[in-house]
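See below for the structure under consideration.
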Amino acid sequence: MKREVIGALLIAMATVWGADAQAQQHPYTWTGLYLGANAGYAWGEIDITMTPGGLWSTEPVSPVGSHRARENGFTGGIQFGYNQQIGNAVLGIEVDVNSLHLEGSRNTGLLAPGLISPYIVSDSFKSHWLATLRPRVGAVFDQTLFYVTGGLAIGAFDFAQSLSFPTIPSTASGSVSGTRVGWTIGGGLERMVAGNWSMKLEYLYVDFGDLGFSTVLPPPVAGIYTQEHEARLTTHIARIGLNYKFR
C-alpha cells in the first residue's frame, strides 16, 4: 500500500514539473514568507513493553519483554515558514501542523515458568496529531531546492495495556493519554512551478520517545505484584506539499 501511495505522489509531482518545463523561465528567489498545505502517507512501529516487578522478582516468572506493532495511515495538514537565499544556498525555518491518525493493537498469550496457564497481555496505541519546528538548509539547482531538515516534533497519543490470567480472577490494566516531545530528521526537494507557487516532495523520520504508566494486580493478589508499561512510537512520513511565497 505505501509503495503505491509514494508512487502516486511521485507521478503527481512529475506531471506538474513536466507542464512547467514548457513555461517561460524567469529569475526566481526563494527568499520570503510562505504558506502551504501537504498530504501523504505515514507508517511506523510501536515497541511495547510490559516489565513485571514487585513479588514477580521472587517468583519463577520471566519478564514479558518487548513486542512490536505496526501501523500506517494518511496524514495531512498545513505548513508555513521563511527562507533566505544567499547565492545558491537557502536557509530557512518551517512549522507544520498535521493530522496523524495511526492505530495499533495486539493480544499475546505468554506462558511463564511456574504457571499452569498462560497470562494474556492486551495493548492498544493511537496517535492524533503531529507538529514540527524544523530548520531547513539546502541548495538551489535549476529552480529546484534540495534540502535537509530536522528539529522538534510534538504529538498527542493514547496508550492502554492490560495483564490478565484466564484461570485466576485477577487483572491489571491502565492507560495514559498525553502529549510527547520528540525529534525528527529528513529531507526533500522543492521546485518553483508557476509564479510564486512551488511544490515539494518530503520525507521525515520521527521519534517520540516513551509513553508509559504503572499498575498493580488487585486482590486476591493484594496488589503486591507490579507492572511497568511503556510504548515507543517511531514513524516514517512521505508527503507532497504545495506552497505559496508572498512577495
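Here's how to read the names in the C-alpha cells: chain A, B, ... by the order shown, residue numbers from 1 in each chain, ligand numbers from 1 in the order shown.
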Neighbour list for Lys126 in chain A as a count of residues only, cut-off 6 Å, only C-alpha atoms, skip fewer than 4 positions in-chain: 4
Hey, which bits of range 180-220 of chain A sit within 12 Å of range 28-42 of chain A, and for each residue what's the closest pair of atoms and how far apart in Å (one decimal), counting only C-alpha atoms, rows by chain and increasing number, as a tab-separated table?
```
residue	atom	partner	partner_atom	distance
A:Glu190	CA	A:Trp30	CA	10.3
A:Arg191	CA	A:Trp30	CA	10.0
A:Met192	CA	A:Tyr28	CA	8.1
A:Val193	CA	A:Tyr28	CA	10.6
A:Ala194	CA	A:Tyr28	CA	10.3
A:Gly195	CA	A:Tyr28	CA	8.7
A:Asn196	CA	A:Tyr28	CA	8.6
A:Trp197	CA	A:Tyr34	CA	9.3
A:Ser198	CA	A:Gly36	CA	9.2
A:Met199	CA	A:Gly36	CA	9.3
A:Lys200	CA	A:Asn38	CA	8.8
A:Leu201	CA	A:Asn38	CA	9.3
A:Glu202	CA	A:Gly40	CA	9.2
A:Tyr203	CA	A:Gly40	CA	9.6
A:Leu204	CA	A:Ala42	CA	9.4
A:Tyr205	CA	A:Ala42	CA	9.7
A:Val206	CA	A:Ala42	CA	10.2
```
Grab the residues selected above and save them as an mmCIF file, in the first residue's frame with N, CA and C atoms.
```cif
data_model
loop_
_atom_site.group_PDB
_atom_site.id
_atom_site.type_symbol
_atom_site.label_atom_id
_atom_site.label_comp_id
_atom_site.auth_asym_id
_atom_site.auth_seq_id
_atom_site.Cartn_x
_atom_site.Cartn_y
_atom_site.Cartn_z
ATOM 1 N N GLU A 190 12.147 20.782 -3.486
ATOM 2 C CA GLU A 190 11.035 21.693 -3.752
ATOM 3 C C GLU A 190 11.346 22.446 -5.035
ATOM 4 N N ARG A 191 10.353 22.600 -5.896
ATOM 5 C CA ARG A 191 10.571 23.230 -7.195
ATOM 6 C C ARG A 191 9.557 24.344 -7.436
ATOM 7 N N MET A 192 10.053 25.460 -7.963
ATOM 8 C CA MET A 192 9.168 26.534 -8.384
ATOM 9 C C MET A 192 8.428 26.066 -9.632
ATOM 10 N N VAL A 193 7.092 26.129 -9.618
ATOM 11 C CA VAL A 193 6.315 25.595 -10.732
ATOM 12 C C VAL A 193 5.575 26.665 -11.521
ATOM 13 N N ALA A 194 5.162 27.753 -10.877
ATOM 14 C CA ALA A 194 4.437 28.807 -11.591
ATOM 15 C C ALA A 194 4.329 30.029 -10.697
ATOM 16 N N GLY A 195 4.866 31.150 -11.180
ATOM 17 C CA GLY A 195 4.783 32.367 -10.378
ATOM 18 C C GLY A 195 5.424 32.170 -9.020
ATOM 19 N N ASN A 196 4.653 32.421 -7.981
ATOM 20 C CA ASN A 196 5.154 32.247 -6.616
ATOM 21 C C ASN A 196 4.763 30.903 -6.010
ATOM 22 N N TRP A 197 4.301 29.978 -6.818
ATOM 23 C CA TRP A 197 3.905 28.661 -6.346
ATOM 24 C C TRP A 197 5.065 27.681 -6.481
ATOM 25 N N SER A 198 5.204 26.836 -5.481
ATOM 26 C CA SER A 198 6.217 25.781 -5.528
ATOM 27 C C SER A 198 5.608 24.487 -4.999
ATOM 28 N N MET A 199 6.169 23.369 -5.437
ATOM 29 C CA MET A 199 5.700 22.056 -4.999
ATOM 30 C C MET A 199 6.878 21.290 -4.418
ATOM 31 N N LYS A 200 6.623 20.541 -3.338
ATOM 32 C CA LYS A 200 7.708 19.823 -2.674
ATOM 33 C C LYS A 200 7.349 18.360 -2.459
ATOM 34 N N LEU A 201 8.391 17.539 -2.378
ATOM 35 C CA LEU A 201 8.287 16.138 -2.002
ATOM 36 C C LEU A 201 9.236 15.942 -0.828
ATOM 37 N N GLU A 202 8.712 15.381 0.281
ATOM 38 C CA GLU A 202 9.479 15.386 1.530
ATOM 39 C C GLU A 202 9.348 14.061 2.262
ATOM 40 N N TYR A 203 10.437 13.676 2.933
ATOM 41 C CA TYR A 203 10.448 12.507 3.817
ATOM 42 C C TYR A 203 10.895 12.954 5.210
ATOM 43 N N LEU A 204 10.199 12.438 6.240
ATOM 44 C CA LEU A 204 10.575 12.708 7.630
ATOM 45 C C LEU A 204 10.580 11.409 8.423
ATOM 46 N N TYR A 205 11.572 11.265 9.286
ATOM 47 C CA TYR A 205 11.590 10.198 10.290
ATOM 48 C C TYR A 205 11.347 10.870 11.640
ATOM 49 N N VAL A 206 10.400 10.329 12.418
ATOM 50 C CA VAL A 206 10.009 10.958 13.682
ATOM 51 C C VAL A 206 10.117 9.937 14.813
#
```
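When the distance limit is 9 Å and only C-alpha atoms are what count, the residues near Gly87 in chain A, minus those fewer than 3 positions from it on the same chain, are A:Val90, A:Ala139, A:Val140.
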Polymer residues at most 6 Å from Gly92 in chain A, only C-alpha atoms, same-chain spacing of 4 or more positions, as an MDAnalysis selection string: chainID A and resid 82:83 135:136
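Picture a line from CA of Leu233 in chain A to CA of Val95 in chain A; it runs 21.1 Å.
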Each residue of range 204-238 of chain A lying at most 10 Å from range 122-125 of chain A should get a row with its shortest atom-to-atom pair and the distance in Å to one decimal, counting only C-alpha atoms; could you produce that, ordered by chain and increasing number, as JSON lines?
```
{"residue": "A:His229", "atom": "CA", "partner": "A:Asp123", "partner_atom": "CA", "distance": 9.7}
{"residue": "A:Ala231", "atom": "CA", "partner": "A:Phe125", "partner_atom": "CA", "distance": 8.1}
{"residue": "A:Arg232", "atom": "CA", "partner": "A:Phe125", "partner_atom": "CA", "distance": 9.7}
{"residue": "A:Leu233", "atom": "CA", "partner": "A:Phe125", "partner_atom": "CA", "distance": 9.1}
```
If you keep N, CA and C atoms, can you produce a file of those selected residues as a tab-separated table (two decimals), in the first residue's frame?
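Saved as again.tsv:
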```
chain	number	residue	atom	x	y	z
A	229	HIS	N	4.53	-0.36	32.24
A	229	HIS	CA	4.07	-0.44	30.85
A	229	HIS	C	4.65	0.74	30.07
A	231	ALA	N	5.43	2.34	25.86
A	231	ALA	CA	5.29	2.25	24.41
A	231	ALA	C	6.16	3.33	23.77
A	232	ARG	N	6.81	2.99	22.67
A	232	ARG	CA	7.66	3.92	21.95
A	232	ARG	C	7.26	3.90	20.47
A	233	LEU	N	6.94	5.09	19.93
A	233	LEU	CA	6.50	5.20	18.54
A	233	LEU	C	7.57	5.85	17.69
```
Strand (DSSP E or B) positions in range 46-193 of chain A, given as a PyMOL selection string: chain A and resi 46-54+65-86+89-100+103-110+119-141+144-165+168-193
Would you save the residues of that selection, restricted to C-alpha atoms, as a tab-separated table (two decimals), in the first residue's frame?
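Contents of selection.tsv, freshly written:
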```
chain	number	residue	atom	x	y	z
A	46	ILE	CA	5.29	0.76	18.16
A	47	ASP	CA	7.64	-1.01	20.56
A	48	ILE	CA	5.53	-2.03	23.55
A	49	THR	CA	6.96	-3.36	26.82
A	50	MET	CA	5.40	-4.79	30.00
A	51	THR	CA	8.01	-5.40	32.71
A	52	PRO	CA	6.91	-7.27	35.90
A	53	GLY	CA	8.11	-6.03	39.29
A	54	GLY	CA	7.35	-6.43	42.99
A	65	GLY	CA	9.80	-8.40	27.36
A	66	SER	CA	9.01	-6.37	24.26
A	67	HIS	CA	6.83	-6.80	21.25
A	68	ARG	CA	6.16	-4.66	18.24
A	69	ALA	CA	3.00	-3.49	16.49
A	70	ARG	CA	2.91	-1.84	13.08
A	71	GLU	CA	0.57	0.91	11.98
A	72	ASN	CA	0.02	3.06	8.92
A	73	GLY	CA	-2.33	5.72	7.61
A	74	PHE	CA	-2.67	9.01	5.79
A	75	THR	CA	-1.54	12.37	7.11
A	76	GLY	CA	-2.27	15.93	6.03
A	77	GLY	CA	-2.07	19.49	7.25
A	78	ILE	CA	-0.58	22.92	6.74
A	79	GLN	CA	2.90	24.45	6.90
A	80	PHE	CA	4.38	27.94	6.93
A	81	GLY	CA	7.90	29.27	7.09
A	82	TYR	CA	10.56	31.65	5.90
A	83	ASN	CA	13.53	31.18	3.55
A	84	GLN	CA	16.59	33.32	2.98
A	85	GLN	CA	18.54	32.70	-0.22
A	86	ILE	CA	22.25	33.58	-0.34
A	89	ALA	CA	22.30	28.38	-0.69
A	90	VAL	CA	18.97	28.59	1.15
A	91	LEU	CA	18.49	28.80	4.92
A	92	GLY	CA	15.00	28.56	6.36
A	93	ILE	CA	12.69	27.64	9.20
A	94	GLU	CA	9.39	25.77	8.87
A	95	VAL	CA	6.47	24.96	11.18
A	96	ASP	CA	3.81	22.41	10.27
A	97	VAL	CA	0.70	21.02	11.97
A	98	ASN	CA	-0.74	17.75	10.68
A	99	SER	CA	-3.41	15.21	11.40
A	100	LEU	CA	-1.73	11.88	12.17
A	103	GLU	CA	-3.51	2.93	15.37
A	104	GLY	CA	-2.00	-0.35	16.52
A	105	SER	CA	-3.20	-3.12	18.86
A	106	ARG	CA	-2.14	-6.61	19.85
A	107	ASN	CA	-3.03	-9.53	22.10
A	108	THR	CA	-0.38	-12.01	23.23
A	109	GLY	CA	-0.60	-15.20	25.27
A	110	LEU	CA	2.62	-15.84	27.18
A	119	TYR	CA	-1.33	-14.94	31.04
A	120	ILE	CA	-2.64	-12.53	28.41
A	121	VAL	CA	-1.25	-9.10	27.56
A	122	SER	CA	-3.52	-6.81	25.53
A	123	ASP	CA	-2.47	-3.37	24.35
A	124	SER	CA	-3.53	-0.56	22.04
A	125	PHE	CA	-1.90	2.63	20.80
A	126	LYS	CA	-3.29	5.61	18.89
A	127	SER	CA	-1.82	8.88	17.63
A	128	HIS	CA	-3.84	12.01	16.88
A	129	TRP	CA	-1.73	14.86	15.53
A	130	LEU	CA	1.83	15.92	14.82
A	131	ALA	CA	3.52	19.33	14.83
A	132	THR	CA	7.15	20.07	13.97
A	133	LEU	CA	9.52	23.03	14.15
A	134	ARG	CA	12.44	22.49	11.76
A	135	PRO	CA	15.31	24.49	10.28
A	136	ARG	CA	15.90	23.77	6.58
A	137	VAL	CA	19.28	24.00	4.84
A	138	GLY	CA	19.58	23.49	1.11
A	139	ALA	CA	20.98	24.39	-2.28
A	140	VAL	CA	19.25	25.54	-5.48
A	141	PHE	CA	19.88	23.90	-8.86
A	144	THR	CA	14.83	23.17	-7.65
A	145	LEU	CA	15.72	23.38	-3.96
A	146	PHE	CA	17.32	20.27	-2.44
A	147	TYR	CA	17.31	20.43	1.35
A	148	VAL	CA	17.85	18.60	4.62
A	149	THR	CA	15.79	19.34	7.71
A	150	GLY	CA	15.42	18.30	11.33
A	151	GLY	CA	14.25	19.57	14.68
A	152	LEU	CA	11.47	19.37	17.25
A	153	ALA	CA	8.42	17.08	16.97
A	154	ILE	CA	5.32	17.17	19.20
A	155	GLY	CA	2.44	14.68	19.10
A	156	ALA	CA	-0.63	13.51	21.05
A	157	PHE	CA	-1.13	9.81	21.86
A	158	ASP	CA	-3.22	7.24	23.77
A	159	PHE	CA	-1.69	4.04	25.15
A	160	ALA	CA	-3.51	1.26	27.05
A	161	GLN	CA	-2.37	-2.16	28.25
A	162	SER	CA	-3.80	-4.92	30.45
A	163	LEU	CA	-2.47	-8.13	32.02
A	164	SER	CA	-4.87	-10.94	32.94
A	165	PHE	CA	-4.82	-14.60	33.99
A	168	ILE	CA	-7.24	-16.51	38.19
A	169	PRO	CA	-9.71	-13.67	38.91
A	170	SER	CA	-7.01	-11.02	38.79
A	171	THR	CA	-6.37	-8.36	36.15
A	172	ALA	CA	-4.13	-5.29	35.97
A	173	SER	CA	-5.00	-2.65	33.42
A	174	GLY	CA	-4.33	1.01	32.81
A	175	SER	CA	-3.95	3.70	30.20
A	176	VAL	CA	-2.32	7.05	29.61
A	177	SER	CA	-3.02	9.92	27.23
A	178	GLY	CA	-0.71	12.80	26.66
A	179	THR	CA	1.48	14.97	24.51
A	180	ARG	CA	5.02	13.84	23.86
A	181	VAL	CA	8.01	15.85	22.64
A	182	GLY	CA	10.44	14.08	20.32
A	183	TRP	CA	12.65	14.78	17.34
A	184	THR	CA	12.56	14.50	13.57
A	185	ILE	CA	15.02	14.42	10.69
A	186	GLY	CA	14.59	14.19	6.94
A	187	GLY	CA	14.96	15.91	3.63
A	188	GLY	CA	13.31	16.70	0.37
A	189	LEU	CA	13.20	18.74	-2.78
A	190	GLU	CA	11.04	21.69	-3.75
A	191	ARG	CA	10.57	23.23	-7.19
A	192	MET	CA	9.17	26.53	-8.38
A	193	VAL	CA	6.32	25.60	-10.73
```
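The space separating CA of Gln143 in chain A from CA of Asn88 in chain A comes to 10.0 Å.
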